[in-house]
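Colleague: Here you go, one structure.
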Amino acid sequence: MARTTPTHRAPADPDTTPPGAIVVTARPTWAGRNFLLLTGATVISGLGNSGAHIATAFAVLTTGGSATDVGLVAAARTLPLVLFLLIGGALADRVPRHRVMVAANTLNCVSQGLFALLVLTGQPQLWQMAVLAALGGTGQAFFAPASEGMVLASVSGEHSGRAFAVFRMGMNGANIGGAALGGALVAAVGPGWVLAVDSACFALAGALRAFLDVSEVAARTPGGGMLHDLRDGWREVASRRWLWAVVVQFSIVNALIVAAEAVYGPMVAEEHLGGAGPWGLAMAAFGAGTVGGALLMTRIKPRRILLTGALCVFPLALPSAALAVPLPTAGLTAIMFGTGVSVEIFAVTWMMALHQEIPEEKFSRVSSYDWFGSLVGVPVATALAGPVQDLIGRSAALWGCSALIALLTAAVLCVRDVRTLVRREAPASAPSTAPPPGAPATPTTAPLQ
């Protein structure tokens, strides 16, 4: 969100503002201090992270690693992410969420810094890269549920759709620059410097998140313990058919997408497209598409939010098919752009559904189940991607990914709640229960990755 003036003024009081005076506001009234800090920090960490994903794969390949080695390092990051997600979600509903976020950013800063040092100073061993990737996944496991809880609590219900779209626009805009720059830097100076930049970005993002204002957040009173909170979160998930149906769907869809793009994608790029540069361009096109999707979602308010989102999952089958052919860089880039538009529409409608249906005080633990279900299959898929390629061939494996994504999406559309859940408008005459801009919401509001 660009500022239109160097200063910000509060909304005018009609009793004290002189007639004809021009009142200038630097930001929308719903974009409070916390929302701006969260968005800014996410943009910074996104710039580093999107390039670091490319750098990690090519760090393994440049040391002589195989497709199986790339998959094992990716699995090493995802396994602790899955294992610690539920604990991270329960913790974020018991202690101040911003403290969890800053601690997680610190861990990611250190792990990526050590990874960069290893790559820049010598020949890193596979086990060393796997350990550092695992530390990064651990930080993400605690960060993700706390982060989504803070974002959803920083806006009021009536502005949630637009706010989520703007937040994700900033995040995905960072992915455009980060992926393109990361691919170019890997090709020009090697993956080590890209990992070093990612470490610095985590440090700066953590510093911004340390300034989040939680002064108006009521002190949390833990209930019967961590296990009680986890059971309570499970009841919230299990009682909503639309929620667990989509989570089950993405437990497989995400695994297939990550296997295709984290393992097979770099290999196809290396053998057929010209290396890291074209692959970074394709990933940047995906980021550009997500920005386009977010812009679209600032303008439209679909009534059947989950039906709209579910239909937009079908295009996620296209990148695997494009890699299976494989299409030249121009064709792959066009498909990645269109997929980005579609997946962003799904992401915003999903956040709208969660914000509308899940109580704020339980959101992080529900979010942790969402993340857990969505990522539980990823370590297995990335670890098996290499052996499956050796068994049936890369092209057949990619076509299989594409077909399964389409079939699972069609199955989810058979769930009645997915087709019928509608967006509820706040009554125009009802007083707003939203907190002042920048303050988290109280318990009547209710991420992806």
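Within each chain, counting starts at residue 1; across the structure tokens, chains are named A, B, ... in the order shown, with ligands numbered 1 upward in that order.
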Could you pull the residues within 9 Å of range 186-201 of chain A, counting only C-alpha atoms, minus those fewer than 3 positions along the same chain, as a PyMOL selection string?

Modeller: chain A and resi 41+44-59+62+108-121+181-183+204-206+275-277

Colleague: Kindly export the residues of the current selection with N, CA and C atoms, as a CSV table (one decimal), in the first residue's frame.

Modeller:
```
chain,number,residue,atom,x,y,z
A,41,ALA,N,6.6,-6.8,7.1
A,41,ALA,CA,7.6,-7.9,7.5
A,41,ALA,C,7.4,-9.1,6.6
A,44,ILE,N,9.2,-8.4,3.3
A,44,ILE,CA,10.7,-8.5,3.5
A,44,ILE,C,11.1,-10.0,3.5
A,45,SER,N,10.5,-10.8,4.4
A,45,SER,CA,10.8,-12.2,4.5
A,45,SER,C,10.5,-13.0,3.2
A,46,GLY,N,9.4,-12.5,2.5
A,46,GLY,CA,9.1,-13.2,1.3
A,46,GLY,C,10.1,-13.0,0.2
A,47,LEU,N,10.7,-11.8,0.1
A,47,LEU,CA,11.8,-11.5,-0.8
A,47,LEU,C,12.9,-12.5,-0.7
A,48,GLY,N,13.3,-12.7,0.6
A,48,GLY,CA,14.4,-13.6,0.8
A,48,GLY,C,14.1,-15.1,0.6
A,49,ASN,N,12.9,-15.4,1.1
A,49,ASN,CA,12.5,-16.8,1.1
A,49,ASN,C,12.3,-17.4,-0.2
A,50,SER,N,11.6,-16.7,-1.1
A,50,SER,CA,11.3,-17.2,-2.4
A,50,SER,C,12.6,-17.5,-3.2
A,51,GLY,N,13.6,-16.7,-3.1
A,51,GLY,CA,14.9,-16.9,-3.7
A,51,GLY,C,15.6,-18.1,-3.0
A,52,ALA,N,15.4,-18.2,-1.7
A,52,ALA,CA,16.2,-19.2,-1.0
A,52,ALA,C,15.7,-20.6,-1.3
A,53,HIS,N,14.4,-20.8,-1.7
A,53,HIS,CA,13.9,-22.1,-2.1
A,53,HIS,C,14.6,-22.6,-3.3
A,54,ILE,N,14.8,-21.7,-4.3
A,54,ILE,CA,15.6,-22.0,-5.5
A,54,ILE,C,17.0,-22.3,-5.2
A,55,ALA,N,17.6,-21.5,-4.3
A,55,ALA,CA,19.0,-21.6,-3.9
A,55,ALA,C,19.3,-22.9,-3.2
A,56,THR,N,18.4,-23.4,-2.4
A,56,THR,CA,18.6,-24.6,-1.7
A,56,THR,C,18.7,-25.8,-2.6
A,57,ALA,N,17.7,-25.9,-3.6
A,57,ALA,CA,17.8,-27.0,-4.6
A,57,ALA,C,19.1,-27.0,-5.4
A,58,PHE,N,19.5,-25.8,-5.8
A,58,PHE,CA,20.7,-25.7,-6.6
A,58,PHE,C,22.0,-25.9,-5.8
A,59,ALA,N,21.9,-25.6,-4.5
A,59,ALA,CA,23.0,-25.8,-3.6
A,59,ALA,C,23.3,-27.3,-3.5
A,62,THR,N,24.6,-28.4,-7.2
A,62,THR,CA,26.0,-28.0,-7.5
A,62,THR,C,27.1,-28.8,-6.7
A,108,ASN,N,15.1,-19.0,12.2
A,108,ASN,CA,15.3,-19.1,10.7
A,108,ASN,C,16.5,-18.2,10.3
A,109,CYS,N,16.7,-17.1,10.9
A,109,CYS,CA,17.8,-16.2,10.6
A,109,CYS,C,19.1,-17.0,10.8
A,110,VAL,N,19.2,-17.6,12.0
A,110,VAL,CA,20.5,-18.3,12.3
A,110,VAL,C,20.7,-19.6,11.4
A,111,SER,N,19.6,-20.3,11.2
A,111,SER,CA,19.8,-21.5,10.4
A,111,SER,C,20.2,-21.2,8.9
A,112,GLN,N,19.5,-20.2,8.3
A,112,GLN,CA,19.9,-19.8,7.0
A,112,GLN,C,21.3,-19.2,6.9
A,113,GLY,N,21.6,-18.5,7.9
A,113,GLY,CA,23.0,-17.9,7.9
A,113,GLY,C,24.1,-19.0,8.0
A,114,LEU,N,23.8,-20.0,8.8
A,114,LEU,CA,24.8,-21.1,8.8
A,114,LEU,C,24.8,-21.9,7.5
A,115,PHE,N,23.6,-22.1,6.9
A,115,PHE,CA,23.6,-22.7,5.6
A,115,PHE,C,24.4,-22.0,4.6
A,116,ALA,N,24.2,-20.6,4.5
A,116,ALA,CA,25.0,-19.8,3.6
A,116,ALA,C,26.5,-19.9,3.8
A,117,LEU,N,26.9,-19.9,5.1
A,117,LEU,CA,28.3,-20.0,5.4
A,117,LEU,C,28.9,-21.3,5.0
A,118,LEU,N,28.2,-22.4,5.1
A,118,LEU,CA,28.6,-23.7,4.7
A,118,LEU,C,28.8,-23.7,3.1
A,119,VAL,N,27.8,-23.2,2.4
A,119,VAL,CA,27.9,-23.2,1.0
A,119,VAL,C,29.0,-22.3,0.4
A,120,LEU,N,29.2,-21.1,1.1
A,120,LEU,CA,30.2,-20.2,0.6
A,120,LEU,C,31.6,-20.6,1.0
A,121,THR,N,31.8,-21.4,2.0
A,121,THR,CA,33.2,-21.6,2.5
A,121,THR,C,33.7,-23.0,2.1
A,181,LEU,N,14.9,-12.5,-8.8
A,181,LEU,CA,16.3,-12.1,-8.4
A,181,LEU,C,17.0,-13.3,-7.8
A,182,GLY,N,16.4,-14.2,-7.1
A,182,GLY,CA,17.0,-15.4,-6.6
A,182,GLY,C,17.6,-16.3,-7.7
A,183,GLY,N,16.7,-16.5,-8.7
A,183,GLY,CA,17.2,-17.3,-9.8
A,183,GLY,C,18.4,-16.7,-10.6
A,204,LEU,N,15.6,-8.7,9.7
A,204,LEU,CA,14.8,-7.5,9.6
A,204,LEU,C,13.3,-7.7,9.8
A,205,ALA,N,12.8,-8.8,9.3
A,205,ALA,CA,11.3,-9.0,9.5
A,205,ALA,C,11.0,-9.3,11.0
A,206,GLY,N,11.9,-10.0,11.6
A,206,GLY,CA,11.7,-10.3,13.1
A,206,GLY,C,11.8,-9.0,13.9
A,275,GLY,N,18.6,-24.0,-17.0
A,275,GLY,CA,19.1,-23.9,-15.6
A,275,GLY,C,18.2,-23.0,-14.8
A,276,ALA,N,18.9,-22.4,-13.7
A,276,ALA,CA,18.1,-21.7,-12.7
A,276,ALA,C,17.4,-20.4,-13.2
A,277,GLY,N,18.0,-19.7,-14.1
A,277,GLY,CA,17.4,-18.5,-14.6
A,277,GLY,C,16.0,-18.7,-15.1
```

Colleague: Could you find all residues in range 222-340 of chain A that DSSP calls alpha helix (DSSP H) from the backbone, and write them as a VMD selection string?

Modeller: chain A and resid 226 to 238 241 to 258 265 to 268 276 to 297 305 to 311 318 to 324 329 to 340

Colleague: Which residues are near Leu230 in chain A? Cut-off 12 Å, only C-alpha atoms, ignore same chain within fewer than 2 positions. Put them as an MDAnalysis selection string.

Modeller: chainID A and resid 85:94 222:228 232:237 362:369

Colleague: Leu281 in chain A: which residues within 10 Å, counting only C-alpha atoms, same-chain residues fewer than 4 positions away excluded, as a list in words?

Modeller: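 Contacts, in chain order: Ile176, Gly177, Ala179, Ala180, Leu181, Gly182, Gly183, Ala184, Ala276, Gly277, Ala285, Phe286, Gly287, Thr329, Ala330, Leu332, Thr333 and Met336 of chain A.
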
Colleague: Nearest to Thr78 in chain A: which of A:Val376, A:Val341, A:Val102, A:Val166 is it, counting only C-alpha atoms?

Modeller: A:Val376
